[in-house]
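Below: one structure, written as structure tokens.
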Amino acid sequence: MSIRNSMSKIAVGGAAVLALSGAGAAFAAGAGESLDSSTNGASAWSHGTNGAVAVKDTKGDSHSVYTLYDRRYNTGLRLDNNSGNGNTASSSMDTTNYVRKVTACVNIQLKPDQCGPDDRPGDGR
């Protein structure tokens, strides 16, 4: 048996193990699934390849908005939008380090911020 044939059998065997264990589906989830979160005054999303995240101020109330988001290789990220009602701020595009979670929030001065639900791939939102 040649080395090439051995490597092919190893690759096929590895793919079969991933498929049977469900790990292949978990690995693929994320990129390409629409993520959306909103609260009274803010809307955040990541669609398509999930390479970027956006947050829109949806209420003329003098409060800025932001999104808390995670990427494939980074967690605890924040994108602020201080541009006012009707304006959207977007992150840079990175389809390799795609967005895995979004949460829309309103920055309320001298009080706790108001945030919508987290949205993650496969959570049914």
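Residues in the structure tokens are numbered from 1 in each chain, the chains being A, B, ... in the order shown, and ligands are numbered from 1 in the order shown.
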Surrounding residues of Ala44 (chain A) excluding itself and chain neighbours under 2 positions, 6 Å, only C-alpha atoms, as an MDAnalysis selection string = chainID A and resid 36:37 54:55 104
Write a file of the just-selected residues containing N, CA and C atoms, as a PDB file, in the first residue's frame.
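Written out: out.pdb:
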```pdb
ATOM      1  N   ASP A  36     -29.342  38.239  14.945  1.00  0.00           N
ATOM      2  CA  ASP A  36     -30.065  39.484  15.169  1.00  0.00           C
ATOM      3  C   ASP A  36     -30.380  39.662  16.649  1.00  0.00           C
ATOM      4  N   SER A  37     -30.243  40.883  17.145  1.00  0.00           N
ATOM      5  CA  SER A  37     -30.637  41.224  18.512  1.00  0.00           C
ATOM      6  C   SER A  37     -31.191  42.640  18.487  1.00  0.00           C
ATOM      7  N   ALA A  54     -23.090  44.947  12.700  1.00  0.00           N
ATOM      8  CA  ALA A  54     -23.583  46.320  12.586  1.00  0.00           C
ATOM      9  C   ALA A  54     -24.541  46.601  13.738  1.00  0.00           C
ATOM     10  N   VAL A  55     -24.611  47.885  14.117  1.00  0.00           N
ATOM     11  CA  VAL A  55     -25.545  48.303  15.164  1.00  0.00           C
ATOM     12  C   VAL A  55     -26.175  49.627  14.728  1.00  0.00           C
ATOM     13  N   ALA A 104     -27.597  43.644  21.155  1.00  0.00           N
ATOM     14  CA  ALA A 104     -27.853  45.080  20.991  1.00  0.00           C
ATOM     15  C   ALA A 104     -28.065  45.718  22.353  1.00  0.00           C
TER      16      ALA A 104
END
```
Compile the contact shell of Asp118 (chain A) as a list of chain:residue names: residues with an atom at most 7 Å away, counting only C-alpha atoms, same-chain residues fewer than 4 positions apart removed.
->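 Result of the neighbour search: A:Ser37, A:Lys101, A:Val102, A:Thr103.
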Atom pair CA of Pro121 (chain A) / CA of Ser64 (chain A): separation (Å) |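 Between CA of Pro121 (chain A) and CA of Ser64 (chain A) the gap is 26.6 Å.
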Which is closer to Thr39 (chain A) than all the others in A:Asp113, A:Asp70, A:Asp94, A:Asp80, using only C-alpha atoms?
->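 Once distances to Thr39 (chain A) are computed over only C-alpha atoms, the minimum belongs to A:Asp113.
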Write out as a list in words each polymer residue whose atoms come within 12 Å of Ser91 (chain A), counting only C-alpha atoms; drop sequence neighbours fewer than 4 positions from it.
->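 In the requested form, the answer reads Ala44, Trp45, Ser46, Asn50, Gly51, Ala52, Val53, Ala54, Val55, Tyr66, Thr67, Leu68, Tyr69, Asp70, Arg71, Leu77, Arg78, Leu79, Asp80, Asn81, Thr95, Tyr98 and Val99 of chain A.
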Which of region 51-96 of chain A counts as strand (DSSP E or B) under DSSP, as a ChimeraX atom specification please?
-> /A:54-57,65-71,77-81,88-90
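A straight line drawn from CA of Asp119 (chain A) to CA of Thr58 (chain A) is 18.6 Å long.
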